[in-house]
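Have a look at input.txt below; it lists compact mmCIF, C-alpha atoms.
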```
# COMPACT_ATOMS: atom_id res chain seq x y z
CA MET A 1 -39.50 -35.66 -12.93
CA ALA A 2 -39.92 -32.72 -10.53
CA MET A 3 -42.74 -32.81 -8.03
CA LYS A 4 -43.73 -30.51 -5.21
CA VAL A 5 -44.95 -32.10 -1.99
CA VAL A 6 -46.89 -29.99 0.51
CA CYS A 7 -47.93 -31.10 3.97
CA PRO A 8 -51.77 -30.97 4.13
CA ASN A 9 -51.84 -30.01 7.85
CA CYS A 10 -49.20 -27.28 8.29
CA GLY A 11 -48.46 -26.37 4.66
CA THR A 12 -44.66 -26.80 4.78
CA GLU A 13 -42.90 -27.74 1.59
CA MET A 14 -41.05 -31.03 1.68
CA LEU A 15 -37.70 -32.09 0.21
CA THR A 16 -36.25 -35.55 -0.35
CA SER A 17 -33.41 -36.46 1.93
CA ASN A 18 -30.77 -36.41 -0.81
CA GLY A 19 -31.38 -32.75 -1.51
CA ALA A 20 -33.24 -32.75 -4.84
CA PHE A 21 -36.31 -30.52 -4.62
CA ALA A 22 -39.52 -32.45 -4.23
CA THR A 23 -38.48 -35.54 -6.15
CA PRO A 24 -39.61 -38.66 -4.29
CA VAL A 25 -36.63 -40.92 -5.02
CA VAL A 26 -35.87 -44.15 -3.19
CA SER A 27 -32.89 -43.35 -0.96
CA GLU A 28 -29.70 -45.37 -1.43
CA ASN A 29 -29.30 -46.41 2.18
CA ASP A 30 -32.20 -48.58 3.22
CA GLY A 31 -34.56 -48.66 0.24
CA VAL A 32 -37.11 -46.33 1.89
CA ALA A 33 -38.02 -42.90 0.53
CA THR A 34 -37.66 -40.36 3.35
CA LEU A 35 -39.05 -36.81 3.08
CA VAL A 36 -37.65 -33.83 5.00
CA ALA A 37 -39.13 -30.35 5.40
CA LYS A 38 -37.37 -27.75 3.26
CA GLU A 39 -36.59 -25.31 6.07
CA ILE A 40 -35.19 -27.96 8.37
CA HIS A 41 -33.05 -29.32 5.58
CA ASN A 42 -31.54 -25.89 4.95
CA ASN A 43 -30.49 -25.50 8.59
CA ASN A 44 -28.05 -28.41 8.22
CA ILE A 45 -28.97 -30.47 11.25
CA THR A 46 -26.42 -33.25 11.60
CA LYS A 47 -26.55 -36.41 13.65
CA THR A 48 -24.31 -34.85 16.30
CA SER A 49 -26.33 -31.67 16.91
CA ASN A 50 -27.99 -31.29 20.30
CA ILE A 51 -31.60 -32.03 21.07
CA SER A 52 -32.19 -28.44 22.19
CA ASP A 53 -30.81 -27.14 18.85
CA ARG A 54 -33.11 -29.43 16.93
CA LEU A 55 -36.09 -28.32 18.99
CA GLU A 56 -35.35 -24.64 18.25
CA VAL A 57 -35.16 -25.27 14.52
CA MET A 58 -38.44 -27.17 14.60
CA LYS A 59 -40.05 -24.30 16.54
CA SER A 60 -38.84 -21.72 14.06
CA VAL A 61 -40.44 -23.69 11.24
CA GLY A 62 -43.74 -23.60 13.09
CA LEU A 63 -44.05 -27.16 14.31
CA ASN A 64 -45.76 -27.92 17.61
CA VAL A 65 -43.07 -29.00 20.10
CA ASP A 66 -44.89 -28.59 23.42
CA LYS A 67 -44.74 -32.28 24.19
CA LEU A 68 -41.03 -32.61 23.40
CA LYS A 69 -38.27 -31.49 25.78
CA LYS A 70 -34.75 -32.36 26.83
CA LEU A 71 -34.77 -34.76 29.79
CA SER A 72 -32.97 -33.72 32.96
CA ALA A 73 -31.86 -35.97 35.83
CA GLU A 74 -35.03 -35.14 37.79
CA ASP A 75 -37.25 -36.13 34.88
CA LEU A 76 -35.47 -39.48 34.69
CA LYS A 77 -36.20 -40.09 38.38
CA ALA A 78 -39.87 -39.47 37.73
CA ILE A 79 -39.89 -42.12 34.99
CA PHE A 80 -38.09 -44.91 36.88
CA ASP A 81 -38.87 -46.31 40.32
CA ASP A 82 -36.65 -45.24 43.22
CA ASP A 83 -35.03 -48.65 43.62
CA ASP A 84 -34.39 -49.24 39.93
CA PRO A 85 -30.79 -50.43 39.39
CA ILE A 86 -30.47 -48.30 36.23
CA LEU A 87 -30.64 -45.13 38.35
CA GLU A 88 -27.71 -46.31 40.44
CA LYS A 89 -25.70 -46.99 37.34
CA ILE A 90 -26.44 -43.54 35.93
CA SER A 91 -25.38 -41.82 39.15
CA ASP A 92 -22.33 -44.09 39.35
CA GLY A 93 -20.90 -42.66 36.16
CA GLY A 94 -23.19 -43.66 33.37
CA PHE A 95 -21.92 -46.98 32.10
CA ILE A 96 -24.03 -50.07 31.65
CA LYS A 97 -22.73 -53.63 31.65
CA ASN A 98 -22.03 -55.12 28.23
CA ASN A 99 -21.14 -58.79 27.98
CA GLU A 100 -20.71 -58.77 24.20
CA LEU A 101 -17.83 -56.35 23.93
CA PHE A 102 -15.73 -56.15 20.80
CA ARG A 103 -12.58 -58.32 21.26
CA ARG A 104 -13.37 -59.28 24.83
CA TRP A 105 -11.20 -62.37 24.81
CA ILE A 106 -7.94 -60.58 24.07
CA THR A 107 -8.85 -58.01 26.72
CA ALA A 108 -9.21 -60.73 29.33
CA GLN A 109 -5.95 -62.40 28.29
CA THR A 110 -4.01 -59.14 28.45
CA TRP A 111 -5.49 -58.29 31.82
CA ARG A 112 -4.40 -61.65 33.18
CA LEU A 113 -0.86 -61.14 31.89
CA ILE A 114 -0.55 -57.58 33.23
CA THR A 115 -1.69 -58.41 36.73
CA SER A 116 0.57 -61.45 37.11
CA PRO A 117 3.56 -60.92 39.45
CA TYR A 118 6.09 -61.97 36.78
CA GLY A 119 5.31 -59.18 34.30
CA TRP A 120 3.87 -59.43 30.81
CA THR A 121 6.64 -61.18 28.86
CA LYS A 122 7.54 -63.83 31.43
CA ALA A 123 3.90 -64.60 32.09
CA ALA A 124 3.20 -64.97 28.36
CA ARG A 125 6.19 -67.26 27.88
CA GLY A 126 5.03 -69.42 30.77
CA ARG A 127 1.40 -69.46 29.74
CA TYR A 128 1.38 -70.22 26.02
CA ARG A 129 2.67 -73.22 24.10
CA THR A 130 3.85 -73.36 20.50
CA LYS A 131 0.65 -75.15 19.42
CA TYR A 132 -1.45 -72.31 20.79
CA VAL A 133 0.68 -69.71 18.99
CA LEU A 134 0.27 -71.54 15.68
CA ASN A 135 -3.50 -71.90 16.06
CA GLN A 136 -3.88 -68.29 17.16
CA SER A 137 -1.92 -66.90 14.23
CA ILE A 138 -3.82 -69.05 11.73
CA ARG A 139 -7.09 -67.80 13.19
CA GLU A 140 -5.85 -64.22 12.97
CA LEU A 141 -4.85 -64.82 9.34
CA GLN A 142 -8.31 -66.19 8.56
CA THR A 143 -10.09 -63.15 9.97
CA LEU A 144 -7.72 -60.82 8.11
CA CYS A 145 -8.54 -62.69 4.87
CA HIS A 146 -12.22 -62.21 5.63
CA LEU A 147 -11.73 -58.47 6.20
CA GLU A 148 -9.59 -58.20 3.08
CA LYS A 149 -12.41 -59.68 0.97
CA LYS A 150 -14.78 -57.09 2.41
CA GLY A 151 -12.45 -54.33 1.24
CA LEU A 152 -11.53 -53.10 4.71
CA LYS A 153 -7.75 -53.20 4.20
CA GLY A 154 -6.28 -49.86 5.22
CA LYS A 155 -9.42 -48.90 7.19
CA ASP A 156 -9.47 -51.51 9.94
CA LYS A 157 -6.81 -51.15 12.63
CA ARG A 158 -6.45 -54.91 12.90
CA PHE A 159 -4.21 -54.90 9.82
CA ASP A 160 -1.61 -52.76 11.60
CA PHE A 161 -0.88 -55.24 14.38
CA PHE A 162 -0.39 -58.45 12.41
CA THR A 163 1.03 -57.21 9.12
CA LEU A 164 1.74 -59.56 6.22
CA GLU A 165 5.50 -59.41 6.85
CA ASP A 166 5.02 -60.18 10.53
CA LEU A 167 2.90 -63.23 9.80
CA LYS A 168 5.38 -64.49 7.18
CA ALA A 169 8.23 -64.22 9.69
CA ILE A 170 6.18 -65.95 12.40
CA PHE A 171 5.33 -68.97 10.25
CA VAL A 172 8.90 -69.34 8.97
CA ASP A 173 10.15 -69.16 12.56
CA LEU A 174 7.62 -71.75 13.76
CA ASN A 175 8.60 -74.13 10.95
CA ASN A 176 12.08 -74.51 12.48
CA TYR A 177 10.44 -76.34 15.39
CA ASN A 178 8.05 -78.39 13.24
CA HIS A 179 8.26 -82.05 14.20
CA TRP A 180 7.01 -83.35 10.83
CA THR A 181 9.85 -85.31 9.19
CA HIS A 182 9.58 -83.68 5.75
CA ALA A 183 9.27 -80.15 7.12
CA LYS A 184 12.75 -79.11 6.11
CA GLU A 185 12.73 -80.80 2.73
CA VAL A 186 9.76 -78.86 1.40
CA SER A 187 10.70 -75.39 0.21
CA PHE A 188 8.31 -73.72 2.63
CA ILE A 189 10.37 -70.54 2.96
CA THR A 190 10.47 -69.83 -0.77
CA ASN A 191 6.75 -70.54 -1.06
CA VAL A 192 6.02 -68.09 1.74
CA SER A 193 8.27 -65.37 0.38
CA LYS A 194 6.43 -65.47 -2.99
CA THR A 195 3.04 -64.60 -1.47
CA ASN A 196 1.63 -61.10 -1.84
CA SER A 197 -1.67 -61.24 0.04
CA TYR A 198 -3.20 -62.76 3.16
CA SER A 199 -5.29 -65.31 1.27
CA GLU A 200 -2.25 -66.59 -0.65
CA LEU A 201 -0.33 -66.97 2.60
CA LEU A 202 -3.23 -68.87 4.15
CA ASP A 203 -3.19 -71.38 1.29
CA VAL A 204 0.55 -71.99 1.74
CA VAL A 205 0.24 -72.39 5.52
CA LYS A 206 -2.71 -74.77 5.27
CA SER A 207 -0.88 -76.98 2.74
CA MET A 208 1.90 -77.53 5.30
CA THR A 209 1.65 -80.32 7.89
CA TRP A 210 2.20 -78.97 11.40
CA SER A 211 3.08 -81.04 14.43
CA PHE A 212 4.73 -80.10 17.71
CA TYR A 213 5.60 -81.87 20.93
CA SER A 214 2.80 -81.29 23.43
CA LYS A 215 5.13 -79.48 25.85
CA GLN A 216 7.01 -77.52 23.17
CA SER A 217 7.05 -73.95 24.50
CA TYR A 218 9.05 -71.95 21.96
CA ILE A 219 7.37 -68.62 21.13
CA PRO A 220 8.56 -66.35 18.28
CA VAL A 221 9.60 -62.86 19.40
CA ARG A 222 7.75 -61.35 16.47
CA TRP A 223 4.48 -62.92 17.64
CA LEU A 224 4.98 -61.61 21.17
CA ASN A 225 5.42 -58.09 19.79
CA CYS A 226 2.30 -58.24 17.61
CA PHE A 227 0.20 -59.79 20.37
CA LYS A 228 1.41 -57.11 22.75
CA GLY A 229 0.23 -54.35 20.43
CA ALA A 230 -3.19 -55.80 19.69
CA GLY A 231 -3.77 -56.69 23.34
CA ALA A 232 -2.75 -53.31 24.70
CA PHE A 233 -4.75 -51.33 22.14
CA TYR A 234 -8.05 -53.17 22.44
CA THR A 235 -7.74 -53.44 26.23
CA LEU A 236 -7.24 -49.69 26.55
CA GLN A 237 -10.16 -49.01 24.25
CA ASN A 238 -12.52 -51.39 26.03
CA ILE A 239 -11.54 -50.21 29.49
CA ILE A 240 -11.98 -46.56 28.60
CA TYR A 241 -15.28 -47.08 26.80
CA THR A 242 -17.06 -49.38 29.22
CA HIS A 243 -15.22 -49.49 32.57
CA ASN A 244 -14.96 -45.74 33.24
CA MET A 245 -11.18 -45.66 33.06
CA VAL A 246 -9.58 -42.21 32.70
CA LEU A 247 -5.87 -42.07 31.89
CA PRO A 248 -3.63 -40.02 34.23
CA ASN A 249 -3.25 -36.33 33.19
CA CYS A 250 -6.43 -36.61 31.13
CA LYS A 251 -9.75 -34.95 31.89
CA ASP A 252 -12.31 -37.32 30.48
CA MET A 253 -13.04 -40.17 28.09
CA LYS A 254 -12.51 -38.19 24.90
CA GLU A 255 -9.10 -36.93 25.91
CA SER A 256 -7.81 -40.33 26.99
CA LEU A 257 -9.11 -41.97 23.80
CA LYS A 258 -7.29 -39.30 21.83
CA ARG A 259 -4.09 -40.02 23.70
CA VAL A 260 -4.36 -43.73 22.90
CA ASP A 261 -4.98 -42.91 19.26
CA ASP A 262 -1.97 -40.54 19.15
CA THR A 263 0.42 -43.18 20.51
CA PHE A 264 -1.04 -45.71 18.09
CA LYS A 265 -0.40 -43.38 15.14
CA ARG A 266 3.13 -42.64 16.36
CA ILE A 267 4.03 -46.34 16.44
CA VAL A 268 2.41 -47.06 13.07
CA GLY A 269 4.61 -44.31 11.64
CA TYR A 270 7.67 -46.53 12.12
CA LYS A 271 8.71 -49.17 9.59
CA PRO A 272 6.48 -52.29 9.70
CA THR A 273 9.43 -54.36 10.90
CA GLU A 274 10.38 -51.99 13.72
CA ARG A 275 7.10 -51.23 15.43
CA ARG A 276 7.63 -51.00 19.16
CA TRP A 277 4.32 -51.98 20.69
CA ASP A 278 5.79 -52.03 24.19
CA ILE A 279 5.25 -48.24 24.25
CA LEU A 280 1.51 -48.81 24.07
CA LEU A 281 1.68 -51.60 26.64
CA SER A 282 3.61 -49.43 29.07
CA LEU A 283 0.93 -46.75 28.71
CA LEU A 284 -1.60 -49.36 29.82
CA THR A 285 0.40 -50.83 32.70
CA VAL A 286 1.51 -47.47 34.09
CA SER A 287 -1.94 -45.94 33.98
CA VAL A 288 -3.46 -49.00 35.66
CA LYS A 289 -0.85 -48.81 38.41
CA VAL A 290 -1.15 -45.05 38.96
CA THR A 291 -4.94 -44.90 39.08
CA LYS A 292 -5.23 -48.24 40.97
CA PHE A 293 -7.86 -49.32 38.47
CA GLU A 294 -9.79 -52.58 38.76
CA LEU A 295 -12.20 -54.26 36.39
CA LYS A 296 -15.78 -53.48 37.37
CA TYR A 297 -17.64 -56.50 36.00
CA MET B 298 -0.91 -90.07 45.34
CA THR B 299 -2.95 -87.49 47.21
CA THR B 300 -5.46 -85.22 45.51
CA ASP B 301 -3.23 -82.15 45.91
CA GLU B 302 -0.34 -83.88 44.16
CA PHE B 303 -2.65 -84.94 41.35
CA ILE B 304 -3.90 -81.39 40.81
CA LYS B 305 -0.37 -80.01 40.83
CA LYS B 306 0.46 -82.37 37.96
CA VAL B 307 -2.66 -81.25 36.10
CA GLU B 308 -1.61 -77.62 36.54
CA ASP B 309 1.72 -78.51 34.91
CA GLY B 310 -0.22 -79.52 31.83
CA GLU B 311 -0.43 -83.30 32.01
CA PRO B 312 -3.54 -84.83 30.39
CA TYR B 313 -5.97 -86.69 32.66
CA ARG B 314 -9.21 -88.62 32.44
CA ILE B 315 -11.70 -89.32 35.23
CA ASN B 316 -14.42 -91.92 34.75
CA PHE B 317 -17.29 -92.35 37.23
CA GLU B 318 -18.70 -95.57 35.73
CA LYS B 319 -15.40 -97.48 35.76
CA ARG B 320 -14.21 -95.64 38.92
CA GLU B 321 -10.80 -94.95 37.51
CA VAL B 322 -8.38 -92.03 37.19
CA ARG B 323 -5.80 -91.81 34.41
CA LEU B 324 -2.83 -89.49 34.22
CA ASN B 325 -0.90 -89.45 30.92
CA GLY B 326 -2.91 -92.53 29.97
CA PHE B 327 -1.79 -94.61 32.99
CA LEU B 328 -3.99 -95.69 35.89
CA VAL B 329 -3.34 -93.86 39.17
CA ASP B 330 -4.22 -94.82 42.75
CA ILE B 331 -5.50 -91.88 44.78
CA ASP B 332 -6.00 -91.60 48.54
CA PHE B 333 -9.23 -89.68 49.02
CA GLU B 334 -9.58 -87.51 52.11
CA LEU B 335 -13.11 -86.28 52.67
CA PRO B 336 -13.74 -83.10 54.72
CA ASP B 337 -16.49 -82.72 57.34
CA ASN B 338 -18.61 -80.19 55.45
CA ILE B 339 -19.09 -82.23 52.29
CA GLU B 340 -22.10 -80.40 50.86
CA GLU B 341 -20.58 -76.93 51.24
CA LYS B 342 -17.33 -78.07 49.70
CA LEU B 343 -19.17 -79.67 46.77
CA LEU B 344 -21.09 -76.45 46.11
CA GLU B 345 -17.86 -74.46 46.29
CA TYR B 346 -16.11 -76.64 43.71
CA PHE B 347 -19.17 -76.60 41.48
CA GLU B 348 -19.43 -72.79 41.56
CA ASN B 349 -15.73 -72.59 40.79
CA TYR B 350 -16.21 -74.90 37.81
CA LYS B 351 -19.40 -73.28 36.56
CA TYR B 352 -17.81 -69.85 36.13
CA SER B 353 -14.35 -71.05 35.02
CA VAL B 354 -12.67 -69.89 31.82
CA PRO B 355 -13.56 -72.29 28.97
CA SER B 356 -11.13 -73.75 26.48
CA ALA B 357 -11.28 -76.45 23.80
CA LYS B 358 -12.36 -79.91 24.99
CA ALA B 359 -12.31 -78.85 28.66
CA ASP B 360 -16.01 -79.33 29.47
CA SER B 361 -17.08 -82.14 31.77
CA LYS B 362 -19.57 -84.71 30.51
CA TYR B 363 -21.11 -84.98 33.97
CA PHE B 364 -21.67 -81.36 35.04
CA PHE B 365 -23.06 -78.13 33.60
CA ALA B 366 -20.94 -75.02 33.00
CA TYR B 367 -21.56 -71.67 31.38
CA ASP B 368 -20.57 -70.74 27.85
CA GLU B 369 -18.03 -68.00 27.18
CA SER B 370 -20.75 -65.53 26.12
CA LYS B 371 -22.44 -65.79 29.54
CA LEU B 372 -19.31 -64.82 31.50
CA SER B 373 -18.34 -61.23 32.27
CA THR B 374 -14.99 -59.74 31.35
CA LYS B 375 -13.83 -59.82 34.96
CA GLN B 376 -14.66 -63.51 35.27
CA LEU B 377 -12.82 -64.23 32.03
CA ALA B 378 -9.77 -62.35 33.27
CA GLU B 379 -9.55 -63.62 36.84
CA ASN B 380 -11.18 -67.06 37.14
CA GLU B 381 -9.48 -70.42 37.04
CA SER B 382 -8.95 -72.46 33.89
CA ARG B 383 -11.81 -74.89 33.23
CA TYR B 384 -9.43 -77.79 32.71
CA ILE B 385 -8.15 -77.52 36.29
CA ALA B 386 -11.48 -76.62 37.89
CA ARG B 387 -13.02 -79.70 36.29
CA ALA B 388 -10.29 -81.93 37.75
CA ARG B 389 -10.99 -80.58 41.24
CA LEU B 390 -14.73 -81.13 41.00
CA GLU B 391 -14.68 -84.57 39.38
CA LEU B 392 -12.00 -85.87 41.72
CA PHE B 393 -14.03 -84.75 44.74
CA VAL B 394 -17.19 -86.44 43.44
CA LEU B 395 -15.21 -89.60 42.66
CA GLY B 396 -14.10 -89.61 46.29
CA LEU B 397 -17.75 -89.54 47.34
CA ILE B 398 -18.57 -92.36 44.94
CA VAL B 399 -15.74 -94.61 46.09
CA ASN B 400 -16.62 -94.10 49.77
CA ASN B 401 -20.38 -94.33 49.01
CA LYS B 402 -21.04 -91.18 51.00
CA TRP B 403 -24.39 -89.99 49.71
CA ASP B 404 -27.98 -90.50 50.83
CA PHE B 405 -30.48 -90.38 47.94
CA GLY B 406 -33.53 -91.59 49.86
CA ASN B 407 -36.11 -93.04 47.45
CA LYS B 408 -35.12 -90.85 44.53
CA TRP B 409 -32.83 -91.75 41.64
CA TYR B 410 -31.04 -88.39 41.77
CA TRP B 411 -30.13 -85.59 44.16
CA GLN B 412 -30.52 -81.92 43.32
CA SER B 413 -28.94 -79.16 45.36
CA PRO B 414 -31.55 -76.80 46.85
CA LYS B 415 -29.14 -73.87 46.57
CA ASP B 416 -28.06 -74.43 42.97
CA LYS B 417 -30.42 -76.45 40.77
CA LYS B 418 -27.79 -76.99 38.08
CA LEU B 419 -25.90 -79.25 40.49
CA THR B 420 -27.24 -82.81 40.35
CA LEU B 421 -25.82 -86.18 41.40
CA PHE B 422 -27.21 -89.41 39.93
CA LYS B 423 -27.72 -92.65 41.79
CA LYS B 424 -26.36 -94.75 38.91
CA TRP B 425 -22.91 -93.28 39.47
CA PHE B 426 -22.73 -94.72 42.99
```

For this file, write the structure as structure tokens.
Amino acid sequence: MAMKVVCPNCGTEMLTSNGAFATPVVSENDGVATLVAKEIHNNNITKTSNISDRLEVMKSVGLNVDKLKKLSAEDLKAIFDDDDPILEKISDGGFIKNNELFRRWITAQTWRLITSPYGWTKAARGRYRTKYVLNQSIRELQTLCHLEKKGLKGKDKRFDFFTLEDLKAIFVDLNNYNHWTHAKEVSFITNVSKTNSYSELLDVVKSMTWSFYSKQSYIPVRWLNCFKGAGAFYTLQNIIYTHNMVLPNCKDMKESLKRVDDTFKRIVGYKPTERRWDILLSLLTVSVKVTKFELKY
Amino acid sequence: MTTDEFIKKVEDGEPYRINFEKREVRLNGFLVDIDFELPDNIEEKLLEYFENYKYSVPSAKADSKYFFAYDESKLSTKQLAENESRYIARARLELFVLGLIVNNKWDFGNKWYWQSPKDKKLTLFKKWF
């Protein structure tokens, strides 16, 4: 059913947001019918276009935009008080503290390992026990199962660090140090090698009985490599987004994020068994050393 | 055993248990005798240990049943990356308070508890002493 909608005040013709002319259809996104003026719709304003561009388009249509304008730094000062802490933060570089960062825990762990005097690998070997490694990799497997059910496999970067083959190798390696008396009798390795998805692997791992000595400190090399990659990637991302870090030989945030992404893609291009995540880690450690960067909060 | 030796063993990863009611310290499940040495500035030192514990990095089963500490979500990234482990910070604090209890070194007045004027989360109870 076609229907023409005209604004009673200014007389502009309206279009529905999905492009069909004057058909008030419920939009797919949030269940609310949104109407857009025809002329504005034709100018292809996207979410990324500037405020000044939008204002010009609205002016050309004939809308009243006297009360709207792009805020400058002086206007902001007029709004806030002089001693408002937000003003300081804006002049300091424009970042505001965020205590609920994405993957904050792994960022903190990696930071602790980098700054230790022994270097990353030695510090990790001294810090973690076998029990911790097992629990951590089971937790990682659980979240990957959750993401797999949502249909995010191939889109989320988390799948590239702990791949299915990596996790299989880690659990088989850990089973050699399993203290349970029947650990070697059960055909754990054949059961693991049959699995084709994360959820199947989780079932096999959970059916096994795990027990280690409390001071057992063996850590699989494969796990160290995967943990290195995930830690370095998310630390770089978090630092650049929210701590004003700029990588050496880069101009700004965008360029340094692009550089991180490029190295990530280069490493993912290798075979899944031969991914060298220490390249990404060295990018982090070197840039922290060169710029003498410190965490801000 | 002195307190420093005890904390060195805790840092190596040995399990411990400190009980105020029974006034006992256990390391690896065995009772341990400890020589307490109290400093001159007791109140400042107590506050220092408590602050250290309050902002320490949490882990499973590391929280004290006697004192308050912040959850992981309340700590900043810098605190998570640089502060001490809660398991060790708790040993420091509880051992210090146990030293006060054993030597009966606190004046409550008429009240049944003492609350620090600088940090209201820090309270000592008379029934411990």

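Those residues of chain B that fall within 9 Å of chain A when using all atoms listed in the file read Gly310, Ser370, Lys371, Leu372, Ser373, Thr374, Lys375, Gln376, Leu377, Ala378 and Glu379 of chain B.
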
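Excluding range 344-348 of chain B itself and same-chain residues fewer than 5 positions from it, the residues having an atom within 9 Å of it are Ile339, Ser353, Phe364, Phe365, Ala366, Ala386, Arg387, Arg389, Leu390, Phe393, Ser413, Lys415, Asp416 and Leu419 of chain B, counting all atoms listed in the file.
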
Atoms to include: C-alpha atoms. Write the selected residues as a PDB file, in the frame of the given file.
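The file below, again_5.pdb, is the result:
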```
ATOM      1  CA  ILE B 339     -19.090 -82.230  52.290  1.00  0.00           C
ATOM      2  CA  SER B 353     -14.350 -71.050  35.020  1.00  0.00           C
ATOM      3  CA  PHE B 364     -21.670 -81.360  35.040  1.00  0.00           C
ATOM      4  CA  PHE B 365     -23.060 -78.130  33.600  1.00  0.00           C
ATOM      5  CA  ALA B 366     -20.940 -75.020  33.000  1.00  0.00           C
ATOM      6  CA  ALA B 386     -11.480 -76.620  37.890  1.00  0.00           C
ATOM      7  CA  ARG B 387     -13.020 -79.700  36.290  1.00  0.00           C
ATOM      8  CA  ARG B 389     -10.990 -80.580  41.240  1.00  0.00           C
ATOM      9  CA  LEU B 390     -14.730 -81.130  41.000  1.00  0.00           C
ATOM     10  CA  PHE B 393     -14.030 -84.750  44.740  1.00  0.00           C
ATOM     11  CA  SER B 413     -28.940 -79.160  45.360  1.00  0.00           C
ATOM     12  CA  LYS B 415     -29.140 -73.870  46.570  1.00  0.00           C
ATOM     13  CA  ASP B 416     -28.060 -74.430  42.970  1.00  0.00           C
ATOM     14  CA  LEU B 419     -25.900 -79.250  40.490  1.00  0.00           C
TER      15      LEU B 419
END
```

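Residue nearest Val329 in chain B within the list B:Trp425, B:Asn316, B:Met298, B:Pro355: B:Met298 [criterion: smallest interatomic distance, only C-alpha atoms].
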
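For Phe327 in chain B, the list of residues within 12 Å, based on only C-alpha atoms and with local chain neighbours fewer than 6 positions off taken out, reads Glu311, Pro312, Tyr313, Arg314, Ile315 and Glu321 of chain B.
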
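For the pair CA of Gly119 in chain A and CA of Arg222 in chain A, the interatomic distance is 18.1 Å.
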